[in-house]
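Structure file target.pdb with PDB, C-alpha atoms and all ligand atoms:
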```pdb
ATOM      1  CA  ARG A1414     -19.734   2.604 115.808
ATOM      2  CA  GLN A1415     -19.643   3.887 112.215
ATOM      3  CA  ALA A1416     -22.931   2.054 111.580
ATOM      4  CA  GLY A1417     -24.366   3.851 114.600
ATOM      5  CA  TYR A1418     -23.324   7.185 113.173
ATOM      6  CA  ARG A1419     -24.893   6.303 109.844
ATOM      7  CA  ARG A1420     -28.215   5.951 111.618
ATOM      8  CA  LEU A1421     -27.828   9.574 112.697
ATOM      9  CA  ARG A1422     -27.466  10.696 109.083
ATOM     10  CA  ASN A1423     -31.046  11.832 108.631
ATOM     11  CA  LYS A1424     -31.621  12.898 112.229
ATOM     12  CA  PRO A1425     -31.675  16.647 112.864
ATOM     13  CA  SER A1426     -28.583  18.319 114.262
ATOM     14  CA  VAL A1427     -30.262  20.044 117.189
ATOM     15  CA  THR A1428     -29.192  20.339 120.824
ATOM     16  CA  LYS A1429     -31.330  18.857 123.581
ATOM     17  CA  ASP A1430     -32.596  22.336 124.372
ATOM     18  CA  GLY A1431     -33.522  23.090 120.785
ATOM     19  CA  THR A1432     -30.677  25.004 119.103
ATOM     20  CA  ALA A1433     -30.002  23.962 115.516
ATOM     21  CA  ILE A1434     -26.338  23.510 114.623
ATOM     22  CA  ALA A1435     -25.430  23.270 110.929
ATOM     23  CA  LEU A1436     -22.712  20.697 110.313
ATOM     24  CA  HIS A1437     -20.811  21.273 107.092
ATOM     25  CA  LEU A1438     -18.053  19.403 105.342
ATOM     26  CA  ASN A1439     -14.480  20.290 104.450
ATOM     27  CA  ALA A1440     -13.632  18.964 100.997
ATOM     28  CA  GLY A1441     -11.256  19.602  98.141
ATOM     29  CA  LEU A1442     -11.630  16.951  95.467
ATOM     30  CA  LEU A1443     -14.447  15.571  93.399
ATOM     31  CA  VAL A1444     -14.035  12.191  95.120
ATOM     32  CA  ASP A1445     -14.963  13.862  98.424
ATOM     33  CA  MET A1446     -18.395  14.824  97.185
ATOM     34  CA  PRO A1447     -20.301  11.526  97.771
ATOM     35  CA  GLN A1448     -19.449  12.055 101.456
ATOM     36  CA  LEU A1449     -22.050  14.815 101.544
ATOM     37  CA  GLU A1450     -24.849  12.315 101.029
ATOM     38  CA  GLU A1451     -23.245   9.640 103.197
ATOM     39  CA  SER A1452     -22.593  11.917 106.164
ATOM     40  CA  GLY A1453     -25.796  13.941 105.942
ATOM     41  CA  ALA A1454     -23.819  17.214 106.017
ATOM     42  CA  ALA A1455     -25.754  20.402 105.271
ATOM     43  CA  GLY A1456     -23.223  21.788 102.787
ATOM     44  CA  VAL A1457     -19.546  22.312 102.087
ATOM     45  CA  GLY A1458     -18.196  24.921 104.489
ATOM     46  CA  LEU A1459     -14.723  24.837 103.001
ATOM     47  CA  PHE A1460     -13.735  23.669  99.540
ATOM     48  CA  ARG A1461      -9.941  23.785  99.379
ATOM     49  CA  THR A1462      -9.474  24.454  95.652
ATOM     50  CA  GLU A1463      -5.700  24.093  95.861
ATOM     51  CA  LEU A1464      -6.073  20.313  96.170
ATOM     52  CA  LEU A1465      -7.287  20.155  92.557
ATOM     53  CA  PHE A1466      -4.117  22.004  91.585
ATOM     54  CA  MET A1467      -1.865  19.853  93.744
ATOM     55  CA  VAL A1468      -2.968  16.575  92.138
ATOM     56  CA  ALA A1469      -2.651  17.964  88.581
ATOM     57  CA  ALA A1470       0.504  17.423  86.520
ATOM     58  CA  ARG A1471       0.462  20.998  85.241
ATOM     59  CA  LEU A1472      -1.476  24.186  85.828
ATOM     60  CA  PRO A1473      -5.109  23.420  84.851
ATOM     61  CA  ARG A1474      -6.364  25.623  82.021
ATOM     62  CA  VAL A1475      -9.381  27.865  82.605
ATOM     63  CA  SER A1476     -11.640  25.463  80.683
ATOM     64  CA  GLU A1477     -10.388  22.502  82.728
ATOM     65  CA  GLN A1478     -10.930  24.357  85.972
ATOM     66  CA  GLU A1479     -14.392  25.397  84.870
ATOM     67  CA  GLU A1480     -15.319  21.797  84.131
ATOM     68  CA  LEU A1481     -14.033  20.622  87.508
ATOM     69  CA  TYR A1482     -15.904  23.308  89.412
ATOM     70  CA  ARG A1483     -19.040  22.556  87.443
ATOM     71  CA  GLN A1484     -18.856  18.896  88.437
ATOM     72  CA  VAL A1485     -18.347  19.890  92.064
ATOM     73  CA  LEU A1486     -21.360  22.222  91.915
ATOM     74  CA  GLU A1487     -23.473  19.499  90.343
ATOM     75  CA  ALA A1488     -22.490  17.131  93.109
ATOM     76  CA  VAL A1489     -23.514  19.540  95.891
ATOM     77  CA  GLY A1490     -26.878  20.243  94.245
ATOM     78  CA  ASP A1491     -28.905  22.736  96.259
ATOM     79  CA  ARG A1492     -26.588  22.742  99.255
ATOM     80  CA  PRO A1493     -24.301  25.724  99.812
ATOM     81  CA  ILE A1494     -20.591  25.435  99.057
ATOM     82  CA  ASN A1495     -17.846  27.909  99.954
ATOM     83  CA  PHE A1496     -15.096  27.859  97.348
ATOM     84  CA  ARG A1497     -11.873  29.111  98.820
ATOM     85  CA  SER A1498      -9.560  30.753  96.320
ATOM     86  CA  LEU A1499      -6.120  29.192  95.915
ATOM     87  CA  ASP A1500      -4.269  28.792  99.193
ATOM     88  CA  ILE A1501      -0.852  27.877  97.845
ATOM     89  CA  GLY A1502       2.624  28.942  98.827
ATOM     90  CA  GLY A1503       4.112  28.278 102.226
ATOM     91  CA  ASP A1504       4.106  24.518 102.590
ATOM     92  CA  LYS A1505       1.561  23.921  99.793
ATOM     93  CA  LEU A1506       3.730  24.165  96.717
ATOM     94  CA  LEU A1507       2.753  23.344  93.170
ATOM     95  CA  PRO A1508       5.522  21.284  91.530
ATOM     96  CA  TYR A1509       4.981  22.957  88.152
ATOM     97  CA  LEU A1510       5.154  26.532  89.491
ATOM     98  CA  ARG A1511       8.466  28.098  90.309
ATOM     99  CA  SER A1512       8.628  28.822  93.988
ATOM    100  CA  VAL A1513      10.825  31.081  96.013
ATOM    101  CA  GLU A1514      12.961  29.932  98.919
ATOM    102  CA  GLU A1515      11.627  31.430 102.106
ATOM    103  CA  GLU A1516      12.959  31.277 105.601
ATOM    104  CA  ASN A1517       9.482  31.376 107.142
ATOM    105  CA  PRO A1518       7.082  29.952 104.552
ATOM    106  CA  ALA A1519       4.019  30.125 106.825
ATOM    107  CA  LEU A1520       4.608  33.861 107.124
ATOM    108  CA  GLY A1521       5.569  34.197 103.516
ATOM    109  CA  TRP A1522       4.341  34.721 100.021
ATOM    110  CA  ARG A1523       1.224  32.613 100.013
ATOM    111  CA  ALA A1524      -2.522  32.488  99.454
ATOM    112  CA  ILE A1525      -4.138  35.875  98.737
ATOM    113  CA  ARG A1526      -0.742  37.611  98.864
ATOM    114  CA  LEU A1527       0.488  35.547  95.953
ATOM    115  CA  GLY A1528      -2.883  35.895  94.236
ATOM    116  CA  LEU A1529      -2.770  39.689  94.358
ATOM    117  CA  ASP A1530       0.882  39.934  93.305
ATOM    118  CA  ARG A1531       0.508  37.448  90.439
ATOM    119  CA  PRO A1532      -3.102  38.153  89.487
ATOM    120  CA  ALA A1533      -3.148  35.988  86.344
ATOM    121  CA  LEU A1534      -3.458  32.853  88.456
ATOM    122  CA  LEU A1535      -6.226  34.197  90.673
ATOM    123  CA  ARG A1536      -8.102  35.800  87.789
ATOM    124  CA  THR A1537      -8.089  32.551  85.833
ATOM    125  CA  GLN A1538      -9.526  30.744  88.811
ATOM    126  CA  ILE A1539     -12.202  33.367  89.408
ATOM    127  CA  ARG A1540     -13.162  33.361  85.749
ATOM    128  CA  ALA A1541     -13.551  29.586  85.823
ATOM    129  CA  LEU A1542     -15.666  29.754  88.997
ATOM    130  CA  LEU A1543     -17.912  32.536  87.664
ATOM    131  CA  LYS A1544     -18.609  30.554  84.509
ATOM    132  CA  ALA A1545     -19.026  27.200  86.250
ATOM    133  CA  ALA A1546     -21.661  28.704  88.570
ATOM    134  CA  ALA A1547     -23.697  30.181  85.681
ATOM    135  CA  GLY A1548     -27.302  30.676  86.743
ATOM    136  CA  ARG A1549     -26.699  29.851  90.395
ATOM    137  CA  GLU A1550     -25.073  31.216  93.518
ATOM    138  CA  LEU A1551     -21.301  31.426  93.852
ATOM    139  CA  ARG A1552     -19.889  31.676  97.336
ATOM    140  CA  LEU A1553     -16.261  32.712  97.160
ATOM    141  CA  MET A1554     -13.915  33.184 100.080
ATOM    142  CA  PHE A1555     -10.363  34.412 100.339
ATOM    143  CA  PRO A1556      -7.637  32.859 102.540
ATOM    144  CA  MET A1557      -4.951  34.566 104.652
ATOM    145  CA  VAL A1558      -6.427  38.036 104.398
ATOM    146  CA  THR A1559      -4.350  40.172 106.772
ATOM    147  CA  MET A1560      -5.809  43.617 106.102
ATOM    148  CA  VAL A1561      -9.260  44.550 104.822
ATOM    149  CA  LYS A1562      -7.633  46.381 101.922
ATOM    150  CA  GLU A1563      -6.481  43.013 100.551
ATOM    151  CA  TYR A1564     -10.076  41.857 100.474
ATOM    152  CA  ARG A1565     -11.011  45.047  98.627
ATOM    153  CA  ALA A1566      -8.259  44.416  96.083
ATOM    154  CA  ALA A1567      -9.470  40.851  95.560
ATOM    155  CA  ARG A1568     -13.021  42.118  95.105
ATOM    156  CA  ALA A1569     -11.834  44.611  92.486
ATOM    157  CA  LEU A1570     -10.234  41.722  90.645
ATOM    158  CA  VAL A1571     -13.502  39.757  90.718
ATOM    159  CA  ASP A1572     -15.463  42.793  89.502
ATOM    160  CA  ARG A1573     -13.077  43.112  86.591
ATOM    161  CA  GLU A1574     -13.632  39.487  85.623
ATOM    162  CA  ILE A1575     -17.395  39.907  85.876
ATOM    163  CA  ARG A1576     -17.289  42.892  83.528
ATOM    164  CA  HIS A1577     -15.053  41.027  81.118
ATOM    165  CA  LEU A1578     -17.285  37.954  80.992
ATOM    166  CA  ARG A1579     -20.466  40.016  80.643
ATOM    167  CA  ARG A1580     -18.971  42.030  77.824
ATOM    168  CA  HIS A1581     -18.280  38.827  75.976
ATOM    169  CA  GLY A1582     -21.763  37.503  76.595
ATOM    170  CA  HIS A1583     -20.793  34.613  78.860
ATOM    171  CA  PRO A1584     -23.428  33.447  81.339
ATOM    172  CA  ILE A1585     -22.055  33.760  84.871
ATOM    173  CA  ALA A1586     -23.103  33.166  88.457
ATOM    174  CA  GLU A1587     -26.489  34.675  89.226
ATOM    175  CA  THR A1588     -25.639  35.827  92.719
ATOM    176  CA  LEU A1589     -22.298  36.273  94.394
ATOM    177  CA  ARG A1590     -21.546  35.965  98.082
ATOM    178  CA  TYR A1591     -18.132  37.016  99.277
ATOM    179  CA  GLY A1592     -16.404  35.688 102.351
ATOM    180  CA  VAL A1593     -13.110  36.062 104.136
ATOM    181  CA  MET A1594     -11.306  33.534 106.250
ATOM    182  CA  ILE A1595     -10.395  34.922 109.625
ATOM    183  CA  GLU A1596      -7.052  33.265 110.220
ATOM    184  CA  VAL A1597      -4.568  36.092 110.715
ATOM    185  CA  PRO A1598      -4.851  37.827 114.109
ATOM    186  CA  SER A1599      -4.569  41.371 112.707
ATOM    187  CA  LEU A1600      -8.098  40.982 111.278
ATOM    188  CA  LEU A1601      -9.452  40.826 114.818
ATOM    189  CA  PHE A1602      -8.593  44.497 115.081
ATOM    190  CA  GLU A1603     -10.285  45.373 111.816
ATOM    191  CA  LEU A1604     -13.402  43.285 112.355
ATOM    192  CA  ASP A1605     -15.863  46.177 112.178
ATOM    193  CA  GLU A1606     -14.657  47.259 108.766
ATOM    194  CA  LEU A1607     -14.458  43.687 107.529
ATOM    195  CA  LEU A1608     -17.932  42.734 108.674
ATOM    196  CA  GLU A1609     -19.392  45.811 106.981
ATOM    197  CA  GLU A1610     -18.118  44.614 103.628
ATOM    198  CA  VAL A1611     -18.419  40.828 103.472
ATOM    199  CA  ASP A1612     -21.391  38.472 103.148
ATOM    200  CA  PHE A1613     -19.907  35.841 105.449
ATOM    201  CA  VAL A1614     -16.781  34.952 107.382
ATOM    202  CA  SER A1615     -15.221  31.643 108.281
ATOM    203  CA  VAL A1616     -12.670  31.220 111.028
ATOM    204  CA  GLY A1617      -9.617  29.178 110.031
ATOM    205  CA  SER A1618      -8.755  28.182 113.559
ATOM    206  CA  ASN A1619      -5.688  26.132 112.545
ATOM    207  CA  ASP A1620      -3.879  29.166 111.205
ATOM    208  CA  LEU A1621      -5.430  31.645 113.622
ATOM    209  CA  PHE A1622      -4.110  29.578 116.523
ATOM    210  CA  GLN A1623      -0.732  29.115 114.866
ATOM    211  CA  PHE A1624      -0.309  32.846 114.390
ATOM    212  CA  MET A1625      -1.804  33.927 117.713
ATOM    213  CA  THR A1626       0.490  31.651 119.672
ATOM    214  CA  ALA A1627       3.477  31.937 117.326
ATOM    215  CA  THR A1628       3.734  28.150 117.071
ATOM    216  CA  ASP A1629       4.305  26.356 113.765
ATOM    217  CA  ARG A1630       1.263  24.100 113.304
ATOM    218  CA  GLY A1631       3.434  21.433 111.649
ATOM    219  CA  ASN A1632       6.220  21.375 114.244
ATOM    220  CA  THR A1633       5.378  18.724 116.831
ATOM    221  CA  ARG A1634       7.937  20.136 119.280
ATOM    222  CA  VAL A1635       5.775  23.174 119.789
ATOM    223  CA  SER A1636       2.385  22.434 118.255
ATOM    224  CA  SER A1637       1.045  20.721 121.367
ATOM    225  CA  ARG A1638       2.551  23.234 123.758
ATOM    226  CA  TYR A1639      -0.530  25.459 123.782
ATOM    227  CA  ASP A1640      -4.124  24.329 123.765
ATOM    228  CA  PRO A1641      -6.786  26.085 121.677
ATOM    229  CA  VAL A1642      -9.109  25.311 124.581
ATOM    230  CA  SER A1643      -7.556  28.099 126.599
ATOM    231  CA  VAL A1644      -8.776  31.449 127.829
ATOM    232  CA  PRO A1645      -6.987  33.710 125.323
ATOM    233  CA  PHE A1646      -7.952  31.743 122.245
ATOM    234  CA  LEU A1647     -11.554  31.180 123.306
ATOM    235  CA  ARG A1648     -11.873  34.896 124.019
ATOM    236  CA  ALA A1649     -10.679  35.631 120.498
ATOM    237  CA  LEU A1650     -13.226  33.231 119.019
ATOM    238  CA  ARG A1651     -15.964  34.665 121.172
ATOM    239  CA  LEU A1652     -15.142  38.180 120.049
ATOM    240  CA  ILE A1653     -15.461  37.127 116.413
ATOM    241  CA  VAL A1654     -18.724  35.257 116.836
ATOM    242  CA  GLU A1655     -20.344  38.002 118.913
ATOM    243  CA  LYS A1656     -19.318  40.793 116.545
ATOM    244  CA  ALA A1657     -20.503  38.842 113.518
ATOM    245  CA  GLU A1658     -23.809  38.131 115.184
ATOM    246  CA  ALA A1659     -24.285  41.777 116.196
ATOM    247  CA  LEU A1660     -23.705  42.863 112.602
ATOM    248  CA  HIS A1661     -25.807  39.995 111.195
ATOM    249  CA  VAL A1662     -22.976  38.451 109.229
ATOM    250  CA  PRO A1663     -23.081  34.630 109.025
ATOM    251  CA  VAL A1664     -20.029  33.156 110.714
ATOM    252  CA  SER A1665     -18.668  29.626 110.700
ATOM    253  CA  LEU A1666     -15.465  27.873 111.700
ATOM    254  CA  CYS A1667     -13.679  25.330 109.534
ATOM    255  CA  GLY A1668     -10.480  24.426 111.384
ATOM    256  CA  GLU A1669      -9.697  21.155 113.139
ATOM    257  CA  MET A1670     -11.444  22.255 116.322
ATOM    258  CA  ALA A1671     -14.792  21.782 114.587
ATOM    259  CA  GLY A1672     -14.132  18.090 114.008
ATOM    260  CA  GLN A1673     -13.655  16.834 117.563
ATOM    261  CA  PRO A1674     -16.701  16.506 119.795
ATOM    262  CA  LEU A1675     -15.116  18.211 122.809
ATOM    263  CA  THR A1676     -13.801  21.240 120.927
ATOM    264  CA  ALA A1677     -16.930  21.416 118.774
ATOM    265  CA  MET A1678     -18.916  21.572 122.011
ATOM    266  CA  VAL A1679     -16.842  24.576 123.087
ATOM    267  CA  LEU A1680     -17.439  26.337 119.754
ATOM    268  CA  ILE A1681     -21.173  25.872 120.081
ATOM    269  CA  ALA A1682     -21.061  27.218 123.627
ATOM    270  CA  LEU A1683     -19.233  30.304 122.333
ATOM    271  CA  GLY A1684     -22.036  30.932 119.846
ATOM    272  CA  PHE A1685     -21.055  29.216 116.583
ATOM    273  CA  ARG A1686     -24.114  27.772 114.837
ATOM    274  CA  THR A1687     -22.302  26.535 111.736
ATOM    275  CA  ILE A1688     -19.115  24.497 111.831
ATOM    276  CA  SER A1689     -17.292  22.664 109.069
ATOM    277  CA  MET A1690     -15.253  19.484 109.426
ATOM    278  CA  PRO A1691     -13.885  16.353 107.743
ATOM    279  CA  PRO A1692     -16.560  13.804 106.714
ATOM    280  CA  ALA A1693     -15.687  11.252 109.408
ATOM    281  CA  SER A1694     -16.347  13.830 112.115
ATOM    282  CA  ILE A1695     -19.958  14.576 111.211
ATOM    283  CA  GLY A1696     -21.356  11.492 112.991
ATOM    284  CA  PRO A1697     -19.483  11.881 116.301
ATOM    285  CA  VAL A1698     -20.096  15.641 116.389
ATOM    286  CA  LYS A1699     -23.798  15.210 115.642
ATOM    287  CA  GLU A1700     -24.053  12.666 118.444
ATOM    288  CA  MET A1701     -22.542  15.225 120.821
ATOM    289  CA  VAL A1702     -24.867  18.008 119.573
ATOM    290  CA  ARG A1703     -27.966  15.887 120.111
ATOM    291  CA  SER A1704     -27.018  15.140 123.705
ATOM    292  CA  LEU A1705     -25.963  18.702 124.561
ATOM    293  CA  ASP A1706     -27.796  20.901 127.058
ATOM    294  CA  LEU A1707     -26.446  24.130 125.589
ATOM    295  CA  GLY A1708     -27.949  26.529 128.114
ATOM    296  CA  ARG A1709     -26.377  24.624 130.978
ATOM    297  CA  LEU A1710     -22.986  24.438 129.300
ATOM    298  CA  ARG A1711     -22.968  28.157 128.530
ATOM    299  CA  ALA A1712     -23.847  28.953 132.123
ATOM    300  CA  ARG A1713     -20.928  26.871 133.346
ATOM    301  CA  LEU A1714     -18.332  27.792 130.705
ATOM    302  CA  LEU A1715     -18.754  31.469 129.839
ATOM    303  CA  PRO A1716     -18.134  32.888 133.338
ATOM    304  CA  ARG A1717     -14.784  31.092 133.288
ATOM    305  CA  LEU A1718     -13.700  33.320 130.420
ATOM    306  CA  GLU A1719     -14.271  36.526 132.374
ATOM    307  CA  PRO A1720     -11.182  38.322 133.684
ATOM    308  CA  GLY A1721      -9.978  37.030 137.009
ATOM    309  CA  CYS A1722     -12.818  34.556 137.471
ATOM    310  CA  TRP A1723     -11.010  31.289 137.166
ATOM    311  CA  SER A1724      -7.540  29.964 136.613
ATOM    312  CA  GLY A1725      -8.114  26.220 136.312
ATOM    313  CA  ASP A1726      -7.540  23.923 133.365
ATOM    314  CA  LEU A1727     -10.336  24.545 130.882
ATOM    315  CA  ARG A1728      -9.873  21.310 128.965
ATOM    316  CA  ALA A1729      -9.989  19.245 132.140
ATOM    317  CA  PHE A1730     -13.123  21.091 133.214
ATOM    318  CA  LEU A1731     -14.796  20.412 129.854
ATOM    319  CA  LYS A1732     -13.805  16.742 129.834
ATOM    320  CA  ALA A1733     -15.293  16.293 133.261
ATOM    321  CA  TYR A1734     -18.400  18.197 132.165
ATOM    322  CA  ALA A1735     -18.813  16.018 129.070
ATOM    323  CA  GLU A1736     -18.425  12.839 131.099
ATOM    324  CA  GLU A1737     -20.988  13.720 133.723
ATOM    325  CA  ASN A1738     -23.566  14.768 131.095
TER
HETATM  326  C1  LIG A1801      -7.423  26.780 108.884
HETATM  327  O1  LIG A1801      -6.385  27.447 108.776
HETATM  328  O2  LIG A1801      -7.978  26.553 109.966
HETATM  329  C2  LIG A1801      -8.080  26.224 107.681
HETATM  330  C3  LIG A1801      -9.271  25.693 107.745
HETATM  331  O3  LIG A1801      -7.396  26.264 106.506
HETATM  332  P1  LIG A1801      -6.176  25.284 106.172
HETATM  333  O4  LIG A1801      -6.162  24.193 107.212
HETATM  334  O5  LIG A1801      -6.428  24.780 104.798
HETATM  335  O6  LIG A1801      -5.017  26.215 106.268
HETATM  336 MG    MG A1802      -5.649  28.186 106.865
END
```
Any chance you could give the structure as structure tokens?
Amino acid sequence: RQAGYRRLRNKPSVTKDGTAIALHLNAGLLVDMPQLEESGAAGVGLFRTELLFMVAARLPRVSEQEELYRQVLEAVGDRPINFRSLDIGGDKLLPYLRSVEEENPALGWRAIRLGLDRPALLRTQIRALLKAAAGRELRLMFPMVTMVKEYRAARALVDREIRHLRRHGHPIAETLRYGVMIEVPSLLFELDELLEEVDFVSVGSNDLFQFMTATDRGNTRVSSRYDPVSVPFLRALRLIVEKAEALHVPVSLCGEMAGQPLTAMVLIALGFRTISMPPASIGPVKEMVRSLDLGRLRARLLPRLEPGCWSGDLRAFLKAYAEEN
């Protein structure tokens, strides 16, 4: 089967009725990068920078970070890559950084919150990224943004680093593209403001689902209780994708849903044209894309999301649909 998928590597990712779907990769270490070539992915939709920090014995210095990011950028070549700023705290702890005991780590002092409160860490990372991307594009996105004002604060921090590096004559990234991960439900109610100010957004469906349903994603007692393939969650995703499209802001999704053919099919039906997933998923998802009659699926699925139209089991409906097509 894997050999079969390899044959798909250079085949276009286009639905039967002609819609192109960009399949990107989730990565986080230099060793992941050869997978780009092997899978035929169009770029790196999510580069989890914290993994580089988690495998290190101590906090990497700015020069060490710069070198790592440079190697990653060399490996992706001309393809786009979205670097996500450090997403630590919560359950992703760094052994060499003092952490605080928290009763609810997922809701705690993590990601951009920690970055804004302890800016030295975030500024070092941004400085390293700006320098590593000298002469090319840097796409930078921020995790766990809860309010647009946090994005603005992070941007101010980047601007400060840019001024600092320029003043000292360092070559830096030629163009900058800023993104925000949509993974905290409050952002759904500040989408207009957000989309006015960012260059792209990426939905972190793992966390968005966790927070929307108030179910710990790592707790098996509750994590399978609710299905992302359900009316409320699909409506939320649809709202995001439609708003982004209306305001011409590129939108992608990089949670686990993108990596399984059935859920990826749903995302495409909702309007996502870029999705990002683990390397092993590219083949199976591309196979699904190439056999998909998107117009037909949309006609069958979207009415079921309208109020009062249907109360059946969406996943069962989609499974049956996938089998008969
Ligand atoms: C997500 O939350 O969906 C996501 C992609 O980020 P992570 O899994 O690293 O939290
Ligand atoms: Mg997340």
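For the pair atom P1 of ligand LIG 1801 (chain A) and atom CA of Gly1521 of chain A, the separation is 15.0 Å.
Applied to this file, the PyMOL selection byres (((not hetatm)) within 8 of (chain A and resi 1801)) selects the residues Leu1459, Arg1461, Asp1500, Pro1556, Glu1596, Val1616, Gly1617, Ser1618, Asn1619, Asp1620, Leu1621, Leu1666, Cys1667, Gly1668 and Glu1669 of chain A.
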*asked:* For a test of reading the model, state the distance in Å between atom CA of Leu1604 of chain A and atom CA of Pro1663 of chain A, rounded to one decimal.
replied: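 Answer for the atom CA of Leu1604 of chain A to atom CA of Pro1663 of chain A separation: 13.4 Å.
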*Counting all atoms listed in the file, write as a ChimeraX atom specification all protein and nucleic acid residues lying at most 6 Å from (-16.7, 40.1, 112.6) in the file's frame.*
/A:1604,1608,1653,1656-1657
_Which residues are close to Ala1545 of chain A, i.e. within 10 Å by only C-alpha atoms, leaving aside same-chain residues fewer than 5 positions away? Reply as an MDAnalysis selection string._
chainID A and resid 1476 1478:1487 1539:1540 1551 1584:1586
Using C-alpha atoms, can you write the selected residues to a file as a PDB file, in the frame of the given file?
```
ATOM      1  CA  SER A1476     -11.640  25.463  80.683  1.00  0.00           C
ATOM      2  CA  GLN A1478     -10.930  24.357  85.972  1.00  0.00           C
ATOM      3  CA  GLU A1479     -14.392  25.397  84.870  1.00  0.00           C
ATOM      4  CA  GLU A1480     -15.319  21.797  84.131  1.00  0.00           C
ATOM      5  CA  LEU A1481     -14.033  20.622  87.508  1.00  0.00           C
ATOM      6  CA  TYR A1482     -15.904  23.308  89.412  1.00  0.00           C
ATOM      7  CA  ARG A1483     -19.040  22.556  87.443  1.00  0.00           C
ATOM      8  CA  GLN A1484     -18.856  18.896  88.437  1.00  0.00           C
ATOM      9  CA  VAL A1485     -18.347  19.890  92.064  1.00  0.00           C
ATOM     10  CA  LEU A1486     -21.360  22.222  91.915  1.00  0.00           C
ATOM     11  CA  GLU A1487     -23.473  19.499  90.343  1.00  0.00           C
ATOM     12  CA  ILE A1539     -12.202  33.367  89.408  1.00  0.00           C
ATOM     13  CA  ARG A1540     -13.162  33.361  85.749  1.00  0.00           C
ATOM     14  CA  LEU A1551     -21.301  31.426  93.852  1.00  0.00           C
ATOM     15  CA  PRO A1584     -23.428  33.447  81.339  1.00  0.00           C
ATOM     16  CA  ILE A1585     -22.055  33.760  84.871  1.00  0.00           C
ATOM     17  CA  ALA A1586     -23.103  33.166  88.457  1.00  0.00           C
TER      18      ALA A1586
END
```
_Polymer residues at most 7 Å from (-4.5, 41.4, 110.2) by only C-alpha atoms, as a list in words_ = Val1558, Thr1559, Met1560, Val1597, Pro1598, Ser1599, Leu1600 and Leu1601 of chain A
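The closest residue to ligand MG 1802 (chain A), picked from A:Arg1471, A:Arg1634, A:Lys1429, A:Arg1523 and counting all atoms listed in the file, is A:Arg1523.
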*Would you mind telling me which residue in A:Phe1555, A:Tyr1509, A:Tyr1418, A:Trp1522 lies nearest to ligand MG 1802 (chain A) when using all atoms listed in the file?*
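Closest residue, counting all atoms listed in the file: A:Phe1555.
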*Counting only C-alpha atoms, the residue of A:Leu1449, A:Ala1440, A:Ala1416, A:Val1427 that sits nearest Leu1464 of chain A*: A:Ala1440
*Quick one, how far is atom CA of Pro1691 of chain A from atom CA of Gly1672 of chain A?*
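Spanning atom CA of Pro1691 of chain A to atom CA of Gly1672 of chain A is a straight-line distance of 6.5 Å.
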*asked:* Selection in question (the file shown): the PyMOL selection byres (((chain A and resi 1660) around 12) and not hetatm). Which residues does it include, as a list in words?
replied: Leu1604, Asp1605, Glu1606, Leu1607, Leu1608, Glu1609, Glu1610, Val1611, Asp1612, Phe1613, Val1614, Ile1653, Val1654, Glu1655, Lys1656, Ala1657, Glu1658, Ala1659, His1661, Val1662, Pro1663 and Val1664 of chain A
*asked:* List the spatial neighbours of Asp1530 of chain A as a ChimeraX atom specification - criterion: any atom at most 12 Å away, all atoms listed in the file, same-chain residues fewer than 6 positions off excluded.
replied: /A:1522-1524,1536,1563,1566-1567,1570
*asked:* So, with all atoms listed in the file as the atoms that count, which of A:Glu1587, A:Glu1550, A:Asp1629, A:Asp1491 lies closest to Asp1504 of chain A?
replied: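 The closest residue to Asp1504 of chain A is A:Asp1629.
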*Using all atoms listed in the file, determine which residues lie at most 12 Å from Arg1717 of chain A, disregarding the query and same-chain residues fewer than 2 positions distant; provide the list as a ChimeraX atom specification.*
/A:1642-1645,1647-1648,1683,1710-1715,1719-1728,1730-1731
Can you list what the PyMOL selection byres (((chain A and resi 1510-1515) around 12) and not hetatm) grabs from this structure, as a short mmCIF file (atom, residue, chain, number, x, y, z; two decimals) with C-alpha atoms, in the frame of the given file?
```cif
data_model
loop_
_atom_site.label_atom_id
_atom_site.label_comp_id
_atom_site.auth_asym_id
_atom_site.auth_seq_id
_atom_site.Cartn_x
_atom_site.Cartn_y
_atom_site.Cartn_z
CA PHE A 1466 -4.12 22.00 91.58
CA MET A 1467 -1.86 19.85 93.74
CA ALA A 1469 -2.65 17.96 88.58
CA ALA A 1470 0.50 17.42 86.52
CA ARG A 1471 0.46 21.00 85.24
CA LEU A 1472 -1.48 24.19 85.83
CA PRO A 1473 -5.11 23.42 84.85
CA ILE A 1501 -0.85 27.88 97.84
CA GLY A 1502 2.62 28.94 98.83
CA GLY A 1503 4.11 28.28 102.23
CA ASP A 1504 4.11 24.52 102.59
CA LYS A 1505 1.56 23.92 99.79
CA LEU A 1506 3.73 24.16 96.72
CA LEU A 1507 2.75 23.34 93.17
CA PRO A 1508 5.52 21.28 91.53
CA TYR A 1509 4.98 22.96 88.15
CA GLU A 1516 12.96 31.28 105.60
CA ASN A 1517 9.48 31.38 107.14
CA PRO A 1518 7.08 29.95 104.55
CA ALA A 1519 4.02 30.12 106.82
CA LEU A 1520 4.61 33.86 107.12
CA GLY A 1521 5.57 34.20 103.52
CA TRP A 1522 4.34 34.72 100.02
CA ARG A 1523 1.22 32.61 100.01
CA LEU A 1527 0.49 35.55 95.95
CA ARG A 1531 0.51 37.45 90.44
CA LEU A 1534 -3.46 32.85 88.46
#
```
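Nearest residue to ligand MG 1802 (chain A) among A:Ala1547, A:Leu1442, A:Met1554, A:Val1679 is A:Met1554, counting all atoms listed in the file.
Nearest residue to Leu1705 of chain A among A:Leu1543, A:Ile1434, A:Leu1650, A:Ala1729 is A:Ile1434, counting all atoms listed in the file.
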